[in-house]
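K.L.:
I am attaching a structure below and will ask some questions about it afterwards.
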Amino acid sequence: MANHKSSEKRIRQTAVKRAHNRLMHKTARNAVKALRTSTEKSAAEALLPKVAAMLDKLGKHNIMHKNKVSNLKSSIQLHVNSL
């Protein structure tokens with residue numbers, strides 16, 4: 001357990017940040033899954049910019065690695081183009 005006031009605060013801050021990061025990561029994964037399972041081209045094209053922006057934001061804040069973000073964006077773009 002923490003012995004200093006500052007370390008106790010750091011533990012609290014880390015827990016809040018971790019919960020927020022996990023929520024954003026899970027939301028993005030669900031959005032990518034929804035886009036990949038969509039079969040309508042118009043719906044997928046409408047969803048694509050929102051999902052791409054969400055992934056870019058995760059990459060910018062180092063929640064996901066930037067190369068993984070690029071790979072995901074590429075794969076979902078290929079999926080939408082193939083519909």
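All residue names refer to the structure tokens as shown: chains lettered A, B, ... in order, residues numbered from 1 in each chain, ligands numbered from 1 in order.
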Please identify the helix (DSSP H, G or I) residues within chain A (assignment by DSSP from backbone atoms) and present them as a PyMOL selection string.

P.N.:
chain A and resi 5-37+41-60+66-82

K.L.:
Just checking: using only C-alpha atoms, which residue out of A:Arg10, A:Lys41, A:His4, A:Leu58 ends up closest to Ala28 in chain A?

P.N.:
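The answer is A:Leu58, which sits nearest to Ala28 in chain A.
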
K.L.:
Please, what distance in Å, to one decimal, runs between CA of Met1 in chain A and CA of Ala19 in chain A?

P.N.:
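Calculated distance between CA of Met1 in chain A and CA of Ala19 in chain A is 20.2 Å.
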
K.L.:
What's around Lys73 in chain A at 12 Å? Count only C-alpha atoms, leave out sequence neighbours fewer than 2 positions away in its own chain, and write the answer as a ChimeraX atom specification.

P.N.:
/A:28-29,31-32,35-36,48-56,59,66-71,75-80

K.L.:
Interatomic distance between CA of Ser42 in chain A and CA of His25 in chain A?

P.N.:
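These atoms are spaced 25.3 Å apart.
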
K.L.:
Using CA of Glu45 in chain A and CA of Lys57 in chain A as the two end points, give the distance in Å to one decimal.

P.N.:
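Atom-to-atom, CA of Glu45 in chain A and CA of Lys57 in chain A are spaced 19.3 Å apart.
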
K.L.:
So which one's closest to Leu83 in chain A, A:Asn30, A:Gln13, A:Thr37, A:Asn21? Using only C-alpha atoms, please.

P.N.:
A:Thr37

K.L.:
Pick from A:Ser6, A:Ile63, A:Ala44, A:Ser38: nearest to Arg22 in chain A, with only C-alpha atoms counted?

P.N.:
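Among the listed residues, the smallest separation from Arg22 in chain A belongs to A:Ile63.
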